[in-house]
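A.B. asks: So I've got this file, coords.pdb, and it contains PDB, C-alpha atoms:
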ATOM      1  CA  MET Z 215     -28.324 -40.845  63.888
ATOM      2  CA  THR Z 216     -27.948 -44.606  63.762
ATOM      3  CA  ARG Z 217     -25.569 -46.785  61.774
ATOM      4  CA  HIS Z 218     -27.334 -49.882  60.411
ATOM      5  CA  THR Z 219     -25.905 -53.021  58.843
ATOM      6  CA  LEU Z 220     -28.189 -54.980  56.514
ATOM      7  CA  THR Z 221     -27.526 -58.404  55.045
ATOM      8  CA  PRO Z 222     -30.117 -58.648  52.244
ATOM      9  CA  GLU Z 223     -32.437 -61.642  52.352
ATOM     10  CA  ARG Z 224     -34.090 -60.986  49.008
ATOM     11  CA  TYR Z 225     -33.790 -58.683  46.002
ATOM     12  CA  TYR Z 226     -36.272 -57.011  43.638
ATOM     13  CA  ASN Z 227     -36.212 -56.585  39.862
ATOM     14  CA  THR Z 228     -38.814 -53.854  40.114
ATOM     15  CA  MET Z 229     -39.078 -50.645  42.104
ATOM     16  CA  GLY Z 230     -42.420 -50.196  43.790
ATOM     17  CA  PRO Z 231     -44.414 -50.725  46.994
ATOM     18  CA  HIS Z 232     -42.490 -53.777  48.215
ATOM     19  CA  PRO Z 233     -42.183 -54.673  51.915
ATOM     20  CA  PRO Z 234     -39.332 -52.708  53.525
ATOM     21  CA  ALA Z 235     -36.097 -54.540  54.186
ATOM     22  CA  LEU Z 236     -35.190 -51.962  56.850
ATOM     23  CA  ARG Z 237     -36.740 -48.903  58.464
ATOM     24  CA  ILE Z 238     -34.362 -45.981  58.923
ATOM     25  CA  ALA Z 239     -34.557 -42.327  59.950
ATOM     26  CA  PRO Z 240     -33.157 -39.142  58.416
ATOM     27  CA  GLY Z 241     -29.494 -38.879  59.348
ATOM     28  CA  ASP Z 242     -29.030 -42.647  59.526
ATOM     29  CA  THR Z 243     -26.253 -44.498  57.715
ATOM     30  CA  VAL Z 244     -26.665 -47.945  56.149
ATOM     31  CA  VAL Z 245     -23.929 -50.456  55.352
ATOM     32  CA  THR Z 246     -25.120 -53.214  53.039
ATOM     33  CA  THR Z 247     -24.277 -55.226  49.927
ATOM     34  CA  THR Z 248     -25.545 -55.489  46.380
ATOM     35  CA  VAL Z 249     -25.396 -58.263  43.805
ATOM     36  CA  ASP Z 250     -24.339 -57.569  40.231
ATOM     37  CA  SER Z 251     -26.790 -56.975  37.381
ATOM     38  CA  MET Z 252     -26.857 -60.714  36.652
ATOM     39  CA  GLY Z 253     -27.792 -61.611  40.241
ATOM     40  CA  ASN Z 254     -24.324 -62.839  41.304
ATOM     41  CA  ASP Z 255     -23.088 -62.193  44.834
ATOM     42  CA  ALA Z 256     -19.588 -61.512  46.207
ATOM     43  CA  THR Z 257     -18.574 -65.131  45.558
ATOM     44  CA  GLY Z 258     -19.805 -65.009  41.959
ATOM     45  CA  THR Z 259     -22.735 -67.279  42.847
ATOM     46  CA  PRO Z 260     -26.163 -66.572  41.286
ATOM     47  CA  VAL Z 261     -28.506 -65.879  44.215
ATOM     48  CA  THR Z 262     -31.435 -64.093  42.537
ATOM     49  CA  PRO Z 263     -32.890 -63.604  39.039
ATOM     50  CA  LYS Z 264     -30.856 -61.353  36.746
ATOM     51  CA  PHE Z 265     -31.483 -57.866  35.324
ATOM     52  CA  ASN Z 266     -30.538 -55.359  37.995
ATOM     53  CA  PRO Z 267     -31.736 -56.945  41.253
ATOM     54  CA  MET Z 268     -32.120 -54.246  43.894
ATOM     55  CA  THR Z 269     -31.190 -54.222  47.568
ATOM     56  CA  GLY Z 270     -33.945 -52.699  49.702
ATOM     57  CA  PRO Z 271     -36.323 -51.053  49.881
ATOM     58  CA  PHE Z 272     -35.374 -48.825  52.784
ATOM     59  CA  PHE Z 273     -38.322 -47.111  54.485
ATOM     60  CA  VAL Z 274     -37.316 -43.622  55.607
ATOM     61  CA  GLU Z 275     -39.347 -42.513  58.609
ATOM     62  CA  GLY Z 276     -41.273 -39.292  57.994
ATOM     63  CA  ALA Z 277     -40.903 -39.297  54.217
ATOM     64  CA  GLU Z 278     -44.142 -38.385  52.462
ATOM     65  CA  PRO Z 279     -45.171 -37.529  48.902
ATOM     66  CA  GLY Z 280     -44.009 -34.006  48.122
ATOM     67  CA  ASP Z 281     -40.759 -34.342  50.086
ATOM     68  CA  THR Z 282     -37.249 -34.848  48.698
ATOM     69  CA  LEU Z 283     -35.094 -37.797  49.721
ATOM     70  CA  VAL Z 284     -31.380 -37.012  50.057
ATOM     71  CA  VAL Z 285     -28.928 -39.896  49.587
ATOM     72  CA  HIS Z 286     -25.212 -39.373  50.149
ATOM     73  CA  LEU Z 287     -23.110 -42.130  48.595
ATOM     74  CA  ASP Z 288     -20.428 -42.598  51.239
ATOM     75  CA  ARG Z 289     -18.716 -45.716  49.868
ATOM     76  CA  LEU Z 290     -19.053 -47.993  46.818
ATOM     77  CA  THR Z 291     -16.527 -50.825  46.937
ATOM     78  CA  PRO Z 292     -16.340 -53.776  44.519
ATOM     79  CA  SER Z 293     -16.606 -56.937  46.602
ATOM     80  CA  ARG Z 294     -15.034 -59.611  44.413
ATOM     81  CA  PRO Z 295     -11.894 -59.965  42.284
ATOM     82  CA  THR Z 296     -13.634 -60.312  38.910
ATOM     83  CA  GLY Z 297     -16.279 -58.464  36.940
ATOM     84  CA  ILE Z 298     -18.062 -59.110  33.652
ATOM     85  CA  SER Z 299     -18.860 -56.876  30.690
ATOM     86  CA  ALA Z 300     -20.215 -57.128  27.170
ATOM     87  CA  SER Z 301     -17.692 -56.541  24.393
ATOM     88  CA  VAL Z 302     -19.578 -55.305  21.309
ATOM     89  CA  LEU Z 303     -21.485 -52.071  20.727
ATOM     90  CA  ALA Z 304     -25.255 -52.142  20.982
ATOM     91  CA  PRO Z 305     -26.970 -51.914  17.573
ATOM     92  CA  ASN Z 306     -28.823 -48.719  18.502
ATOM     93  CA  VAL Z 307     -25.613 -46.676  18.964
ATOM     94  CA  VAL Z 308     -24.262 -47.113  15.421
ATOM     95  CA  ASP Z 309     -25.591 -46.274  11.962
ATOM     96  CA  PRO Z 310     -28.150 -48.833  10.725
ATOM     97  CA  GLU Z 311     -25.939 -49.868   7.818
ATOM     98  CA  PHE Z 312     -23.104 -50.655  10.277
ATOM     99  CA  VAL Z 313     -25.167 -53.073  12.349
ATOM    100  CA  ARG Z 314     -24.409 -55.990  10.017
ATOM    101  CA  TYR Z 315     -20.719 -55.689  10.918
ATOM    102  CA  LEU Z 316     -21.357 -56.200  14.619
ATOM    103  CA  PRO Z 317     -20.482 -59.754  15.719
ATOM    104  CA  GLU Z 318     -22.174 -61.712  18.483
ATOM    105  CA  ARG Z 319     -21.813 -60.045  21.855
ATOM    106  CA  PRO Z 320     -19.651 -62.331  24.011
ATOM    107  CA  LEU Z 321     -19.052 -61.484  27.638
ATOM    108  CA  VAL Z 322     -15.510 -60.812  28.819
ATOM    109  CA  VAL Z 323     -14.084 -61.208  32.320
ATOM    110  CA  TRP Z 324     -12.067 -58.492  34.034
ATOM    111  CA  ASP Z 325      -9.642 -58.900  36.924
ATOM    112  CA  ILE Z 326     -10.297 -56.304  39.611
ATOM    113  CA  ASP Z 327      -7.259 -55.277  41.650
ATOM    114  CA  LEU Z 328      -8.425 -53.105  44.551
ATOM    115  CA  ALA Z 329      -4.884 -52.639  45.871
ATOM    116  CA  ARG Z 330      -3.796 -51.104  42.564
ATOM    117  CA  ASN Z 331      -7.225 -49.608  41.872
ATOM    118  CA  GLU Z 332      -7.344 -51.010  38.365
ATOM    119  CA  ALA Z 333      -9.074 -53.463  36.054
ATOM    120  CA  SER Z 334      -7.532 -55.587  33.329
ATOM    121  CA  LEU Z 335      -8.902 -58.148  30.891
ATOM    122  CA  GLN Z 336      -8.495 -61.690  32.177
ATOM    123  CA  VAL Z 337      -8.152 -62.992  28.614
ATOM    124  CA  PRO Z 338      -6.903 -60.017  26.603
ATOM    125  CA  VAL Z 339      -8.742 -58.952  23.491
ATOM    126  CA  PRO Z 340      -6.240 -58.668  20.613
ATOM    127  CA  GLY Z 341      -4.760 -55.181  20.666
ATOM    128  CA  LEU Z 342      -5.739 -54.590  24.312
ATOM    129  CA  GLU Z 343      -3.124 -56.779  25.970
ATOM    130  CA  ALA Z 344      -1.569 -53.858  27.857
ATOM    131  CA  LEU Z 345      -4.879 -52.218  28.817
ATOM    132  CA  ARG Z 346      -5.177 -51.188  32.457
ATOM    133  CA  LEU Z 347      -8.134 -49.052  33.557
ATOM    134  CA  LEU Z 348      -8.472 -47.121  36.809
ATOM    135  CA  LEU Z 349     -11.502 -48.178  38.823
ATOM    136  CA  GLU Z 350     -14.353 -45.663  38.981
ATOM    137  CA  PRO Z 351     -17.070 -47.461  40.974
ATOM    138  CA  MET Z 352     -20.587 -46.135  40.354
ATOM    139  CA  VAL Z 353     -24.133 -47.194  41.088
ATOM    140  CA  GLY Z 354     -26.061 -47.851  37.875
ATOM    141  CA  CYS Z 355     -29.601 -48.232  39.208
ATOM    142  CA  PHE Z 356     -31.115 -46.634  42.287
ATOM    143  CA  GLY Z 357     -34.084 -44.539  43.320
ATOM    144  CA  VAL Z 358     -37.436 -44.624  45.067
ATOM    145  CA  ALA Z 359     -40.857 -46.192  44.604
ATOM    146  CA  PRO Z 360     -42.684 -44.503  41.685
ATOM    147  CA  ALA Z 361     -45.889 -42.480  41.911
ATOM    148  CA  GLN Z 362     -49.422 -43.872  42.105
ATOM    149  CA  GLY Z 363     -48.388 -47.254  43.450
ATOM    150  CA  GLN Z 364     -46.656 -48.218  40.218
ATOM    151  CA  THR Z 365     -44.154 -51.056  40.022
ATOM    152  CA  ILE Z 366     -41.519 -50.313  37.366
ATOM    153  CA  SER Z 367     -38.809 -52.612  36.017
ATOM    154  CA  THR Z 368     -35.231 -51.939  37.078
ATOM    155  CA  VAL Z 369     -34.060 -52.069  33.445
ATOM    156  CA  THR Z 370     -35.559 -48.630  32.803
ATOM    157  CA  SER Z 371     -35.825 -45.211  34.447
ATOM    158  CA  ALA Z 372     -38.238 -42.303  34.981
ATOM    159  CA  GLU Z 373     -38.947 -39.543  37.498
ATOM    160  CA  HIS Z 374     -38.258 -41.916  40.402
ATOM    161  CA  GLY Z 375     -34.711 -42.681  39.216
ATOM    162  CA  GLY Z 376     -34.012 -46.263  38.207
ATOM    163  CA  ASN Z 377     -31.511 -47.525  35.653
ATOM    164  CA  MET Z 378     -29.831 -44.224  34.781
ATOM    165  CA  ASP Z 379     -26.279 -45.626  34.493
ATOM    166  CA  TYR Z 380     -24.692 -42.214  35.022
ATOM    167  CA  ARG Z 381     -21.038 -42.460  35.981
ATOM    168  CA  GLY Z 382     -21.331 -39.357  38.186
ATOM    169  CA  PHE Z 383     -23.273 -41.339  40.784
ATOM    170  CA  ARG Z 384     -20.100 -42.402  42.573
ATOM    171  CA  ALA Z 385     -18.772 -42.217  46.129
ATOM    172  CA  GLY Z 386     -18.847 -38.660  47.423
ATOM    173  CA  ALA Z 387     -21.849 -37.626  45.338
ATOM    174  CA  THR Z 388     -25.220 -36.721  46.814
ATOM    175  CA  ALA Z 389     -28.405 -37.693  44.988
ATOM    176  CA  TYR Z 390     -31.884 -36.199  45.414
ATOM    177  CA  PHE Z 391     -35.115 -38.028  44.575
ATOM    178  CA  PRO Z 392     -38.734 -36.875  44.613
ATOM    179  CA  VAL Z 393     -40.755 -38.826  47.173
ATOM    180  CA  PHE Z 394     -43.903 -40.425  45.764
ATOM    181  CA  ALA Z 395     -44.786 -43.001  48.437
ATOM    182  CA  PRO Z 396     -44.844 -43.043  52.239
ATOM    183  CA  GLY Z 397     -41.341 -43.860  53.470
ATOM    184  CA  ALA Z 398     -39.893 -43.104  49.998
ATOM    185  CA  LEU Z 399     -38.894 -46.803  49.656
ATOM    186  CA  PHE Z 400     -35.309 -46.400  48.483
ATOM    187  CA  PHE Z 401     -33.607 -49.114  46.374
ATOM    188  CA  LEU Z 402     -30.085 -49.483  44.985
ATOM    189  CA  GLY Z 403     -27.974 -51.962  43.013
ATOM    190  CA  ASP Z 404     -26.348 -52.566  39.609
ATOM    191  CA  GLY Z 405     -22.800 -51.691  40.645
ATOM    192  CA  HIS Z 406     -20.184 -51.013  37.972
ATOM    193  CA  ALA Z 407     -16.443 -51.009  38.616
ATOM    194  CA  ILE Z 408     -16.059 -48.852  35.471
ATOM    195  CA  GLN Z 409     -18.371 -47.677  32.721
ATOM    196  CA  GLY Z 410     -18.052 -45.246  29.844
ATOM    197  CA  ASP Z 411     -20.718 -42.658  29.074
ATOM    198  CA  GLY Z 412     -23.938 -44.107  27.697
ATOM    199  CA  GLU Z 413     -23.309 -47.742  28.668
ATOM    200  CA  ILE Z 414     -23.004 -48.262  24.890
ATOM    201  CA  VAL Z 415     -22.156 -51.975  25.015
ATOM    202  CA  GLY Z 416     -25.111 -52.569  27.334
ATOM    203  CA  THR Z 417     -23.011 -53.039  30.470
ATOM    204  CA  GLY Z 418     -20.253 -51.544  32.517
ATOM    205  CA  ILE Z 419     -17.906 -53.880  34.342
ATOM    206  CA  GLU Z 420     -20.707 -55.543  36.304
ATOM    207  CA  ILE Z 421     -19.762 -56.467  39.856
ATOM    208  CA  SER Z 422     -21.154 -56.893  43.361
ATOM    209  CA  PHE Z 423     -20.596 -54.085  45.866
ATOM    210  CA  GLU Z 424     -20.210 -53.281  49.508
ATOM    211  CA  VAL Z 425     -22.146 -50.045  49.949
ATOM    212  CA  GLU Z 426     -22.443 -47.347  52.580
ATOM    213  CA  PHE Z 427     -24.917 -44.495  52.272
ATOM    214  CA  THR Z 428     -26.518 -41.856  54.492
ATOM    215  CA  VAL Z 429     -30.048 -40.508  54.061
ATOM    216  CA  ASP Z 430     -31.681 -37.210  54.884
ATOM    217  CA  LEU Z 431     -35.030 -35.638  54.137
ATOM    218  CA  ARG Z 432     -36.161 -32.244  52.891
ATOM    219  CA  LYS Z 433     -39.714 -31.868  54.106
ATOM    220  CA  GLY Z 434     -42.136 -30.068  51.819
ATOM    221  CA  GLU Z 435     -39.497 -29.521  49.123
ATOM    222  CA  GLN Z 436     -40.792 -31.064  45.927
ATOM    223  CA  ILE Z 437     -38.616 -31.734  42.892
ATOM    224  CA  GLY Z 438     -39.644 -33.222  39.563
ATOM    225  CA  TRP Z 439     -36.643 -35.323  38.503
ATOM    226  CA  PRO Z 440     -33.538 -36.775  40.150
ATOM    227  CA  ARG Z 441     -30.811 -34.308  41.028
ATOM    228  CA  GLY Z 442     -27.255 -34.635  42.248
ATOM    229  CA  GLU Z 443     -24.159 -32.760  43.273
ATOM    230  CA  ASN Z 444     -20.483 -33.318  43.945
ATOM    231  CA  GLU Z 445     -17.496 -31.131  44.721
ATOM    232  CA  GLU Z 446     -17.427 -29.652  41.198
ATOM    233  CA  TYR Z 447     -20.980 -29.639  39.811
ATOM    234  CA  ILE Z 448     -24.670 -29.632  40.467
ATOM    235  CA  PHE Z 449     -26.634 -31.747  37.994
ATOM    236  CA  THR Z 450     -30.091 -32.943  37.039
ATOM    237  CA  ALA Z 451     -31.185 -36.162  35.311
ATOM    238  CA  GLY Z 452     -33.875 -36.493  32.664
ATOM    239  CA  ASN Z 453     -35.042 -40.003  31.796
ATOM    240  CA  ALA Z 454     -37.097 -40.572  28.653
ATOM    241  CA  ARG Z 455     -37.064 -41.670  25.037
ATOM    242  CA  PRO Z 456     -36.271 -40.140  22.567
ATOM    243  CA  LEU Z 457     -33.034 -38.556  23.720
ATOM    244  CA  ASP Z 458     -34.192 -34.988  23.139
ATOM    245  CA  GLN Z 459     -37.058 -35.487  25.598
ATOM    246  CA  ALA Z 460     -34.612 -36.647  28.265
ATOM    247  CA  LEU Z 461     -32.576 -33.482  27.618
ATOM    248  CA  GLN Z 462     -35.727 -31.379  27.960
ATOM    249  CA  HIS Z 463     -36.590 -32.924  31.336
ATOM    250  CA  ALA Z 464     -33.045 -32.419  32.652
ATOM    251  CA  THR Z 465     -32.854 -28.817  31.443
ATOM    252  CA  THR Z 466     -36.274 -27.900  32.844
ATOM    253  CA  GLU Z 467     -35.382 -29.413  36.214
ATOM    254  CA  MET Z 468     -32.177 -27.356  36.269
ATOM    255  CA  MET Z 469     -34.209 -24.202  35.532
ATOM    256  CA  ARG Z 470     -36.455 -25.018  38.507
ATOM    257  CA  TRP Z 471     -33.413 -25.554  40.728
ATOM    258  CA  LEU Z 472     -31.849 -22.239  39.721
ATOM    259  CA  ALA Z 473     -35.134 -20.438  40.368
ATOM    260  CA  ARG Z 474     -35.660 -21.965  43.800
ATOM    261  CA  ASP Z 475     -32.165 -21.964  45.300
ATOM    262  CA  TRP Z 476     -30.462 -19.140  43.408
ATOM    263  CA  LYS Z 477     -33.553 -16.925  42.835
ATOM    264  CA  LEU Z 478     -32.837 -16.550  39.112
ATOM    265  CA  ASP Z 479     -35.685 -15.638  36.782
ATOM    266  CA  VAL Z 480     -36.123 -17.305  33.399
ATOM    267  CA  VAL Z 481     -33.907 -14.793  31.563
ATOM    268  CA  ALA Z 482     -31.065 -14.982  34.087
ATOM    269  CA  ALA Z 483     -31.194 -18.781  34.324
ATOM    270  CA  SER Z 484     -31.384 -19.110  30.550
ATOM    271  CA  THR Z 485     -28.397 -16.817  30.064
ATOM    272  CA  LEU Z 486     -26.368 -18.760  32.610
ATOM    273  CA  LEU Z 487     -27.232 -22.119  31.059
ATOM    274  CA  GLY Z 488     -26.666 -20.848  27.544
ATOM    275  CA  MET Z 489     -23.068 -19.978  28.311
ATOM    276  CA  CYS Z 490     -22.118 -22.492  31.000
ATOM    277  CA  VAL Z 491     -24.217 -25.661  30.783
ATOM    278  CA  GLU Z 492     -22.558 -29.031  30.254
ATOM    279  CA  TYR Z 493     -24.438 -32.152  29.150
ATOM    280  CA  GLU Z 494     -23.538 -35.791  29.610
ATOM    281  CA  VAL Z 495     -25.199 -38.937  28.349
ATOM    282  CA  GLY Z 496     -26.175 -41.476  30.987
ATOM    283  CA  ASN Z 497     -27.885 -44.557  29.587
ATOM    284  CA  VAL Z 498     -28.617 -44.869  25.853
ATOM    285  CA  PHE Z 499     -29.026 -48.653  25.847
ATOM    286  CA  ASP Z 500     -32.175 -49.348  27.850
ATOM    287  CA  PRO Z 501     -35.829 -48.424  27.156
ATOM    288  CA  ALA Z 502     -35.506 -44.919  28.618
ATOM    289  CA  TYR Z 503     -32.429 -42.809  27.909
ATOM    290  CA  THR Z 504     -30.748 -40.537  30.459
ATOM    291  CA  VAL Z 505     -29.330 -37.059  29.874
ATOM    292  CA  ILE Z 506     -27.482 -35.132  32.584
ATOM    293  CA  CYS Z 507     -27.562 -31.323  32.725
ATOM    294  CA  LYS Z 508     -24.590 -29.913  34.709
ATOM    295  CA  LEU Z 509     -23.459 -26.535  36.021
ATOM    296  CA  PRO Z 510     -20.002 -25.926  37.519
ATOM    297  CA  ARG Z 511     -19.894 -24.731  41.118
ATOM    298  CA  ARG Z 512     -17.213 -22.187  40.190
ATOM    299  CA  VAL Z 513     -19.887 -20.386  38.155
ATOM    300  CA  LEU Z 514     -22.610 -20.670  40.767
ATOM    301  CA  GLN Z 515     -20.271 -19.221  43.394
ATOM    302  CA  GLN Z 516     -20.535 -15.899  41.560
ATOM    303  CA  ILE Z 517     -24.295 -15.713  42.171
ATOM    304  CA  PRO Z 518     -25.410 -14.238  45.516
ATOM    305  CA  THR Z 519     -27.913 -16.396  47.420
TER     306      THR Z 519
END
Hey, can you dump this file as structure tokens for me?

C.D. replies:
Amino acid sequence: MTRHTLTPERYYNTMGPHPPALRIAPGDTVVTTTVDSMGNDATGTPVTPKFNPMTGPFFVEGAEPGDTLVVHLDRLTPSRPTGISASVLAPNVVDPEFVRYLPERPLVVWDIDLARNEASLQVPVPGLEALRLLLEPMVGCFGVAPAQGQTISTVTSAEHGGNMDYRGFRAGATAYFPVFAPGALFFLGDGHAIQGDGEIVGTGIEISFEVEFTVDLRKGEQIGWPRGENEEYIFTAGNARPLDQALQHATTEMMRWLARDWKLDVVAASTLLGMCVEYEVGNVFDPAYTVICKLPRRVLQQIPT
């Protein structure tokens, strides 16, 4: 188990078979940095083209198609004192007849106070002068190289992960990705200091990060869609458009998980989900939408394994 420090030399706006930035082994920890979604570093300087530039990829020794990559998010820390967000709802999240009332979408600047763990508007929007928000750092875009040698834009998502913008991918959570390429080729970026469900203005508070994560590998254990867990829930992510298809992918992946790890048949798993499932919306702004299917651990603890 080795602890690596990586200073990125370049970033990628696609996830695919790019040359590895670092080779690591299961059990290793990586400390690195990310730029924000606009390509700005910790000084606010543009250092790479915008639209979710990724740090990586990280080649995980021994990872092969059919395995599962395990990524524990140890630390996600905003690395500069200001972040940027959009300020008007995206047209696709309101009724069509309301779109004409939406003004231009100016960016607003937020002051980030790590000591107080809060964000505030640098130039207050009228009515929000007293607004103070607790920081909830999350990684918006991360995952592995897609199947069949594809190269997929970091503005969207699919089975490999990508731009899911789910606020549950925060420090302390563990994510699981299906491996499609030798070495898995893990990428991450698009840090948000805060973001509401759905990323409905098209951004969170976009900011650069200092990141620490630890990888592991489950050999021969194949999953279909990204999964995750934290101290309260297990969850699955479906990425597709329309929204109901994303929900279908997430629900089906949860059924597979319950069958494999909890030995529940279709009737038992269906009954459990029917009474206990919780859904959350990840991204509803970008080309593919994300739906999260969740089950509380307090319920699963009642099932013998």

A.B. asks: Z:Thr221, Z:Thr296, Z:Ile448, Z:Met229: which is nearest Gly363 in chain Z, counting only C-alpha atoms?

C.D. replies: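 With only C-alpha atoms as the atom set, the closest residue is Z:Met229.
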
A.B. asks: I'd like the contact shell of Ile326 in chain Z - 7 Å cut-off, only C-alpha atoms, skipping same-chain residues fewer than 6 positions apart - returned as an MDAnalysis selection string.

C.D. replies: chainID Z and resid 295:297 332:334

A.B. asks: Evaluating the PyMOL selection byres ((chain Z and resi 244) around 7) on the displayed file yields which residues, as a PyMOL selection string?

C.D. replies: chain Z and resi 217-219+242-243+245-246+426-428

A.B. asks: Would you translate the PyMOL selection byres ((chain Z and resi 504-514) around 7) into the concrete set of residues it matches in this file, as a list in words?

C.D. replies: Met378, Glu446, Tyr447, Ile448, Phe449, Thr450, Ala451, Gly452, Asn453, Ala454, Ala460, Leu461, Ala464, Thr465, Cys490, Val491, Glu492, Tyr493, Glu494, Val495, Gly496, Asn497, Val498, Ala502, Tyr503, Gln515, Gln516 and Ile517 of chain Z

A.B. asks: I'd like the interatomic distance between CA of Arg384 in chain Z and CA of Val339 in chain Z, to a tenth of an Å.

C.D. replies: 27.7 Å

A.B. asks: Pick the closest to Gly434 in chain Z from Z:Val393, Z:Met215, Z:Val308, Z:Ala239: which is it, counting all atoms listed in the file?

C.D. replies: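 Between Z:Val393, Z:Met215, Z:Val308, Z:Ala239, the residue approaching Gly434 in chain Z most closely is Z:Val393.
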
A.B. asks: Using all atoms listed in the file, can you tell me which of Z:Phe394, Z:Phe499, Z:Trp476, Z:Phe356 comes closest to Glu413 in chain Z?

C.D. replies: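 Looking at the shortest contact to Glu413 in chain Z, the residue is Z:Phe499.
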
A.B. asks: Taking the file above as input, evaluate the PyMOL selection byres ((chain Z and resi 253-255) around 9) and report the hits as a list in words.

C.D. replies: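 Going through the file, the PyMOL selection byres ((chain Z and resi 253-255) around 9) ends up selecting Tyr225, Thr247, Thr248, Val249, Asp250, Ser251, Met252, Ala256, Thr257, Gly258, Thr259, Pro260, Val261, Thr262, Pro263, Lys264, Phe265, Asn266, Pro267, Ser293, Arg294, Ile421, Ser422 and Phe423 of chain Z.
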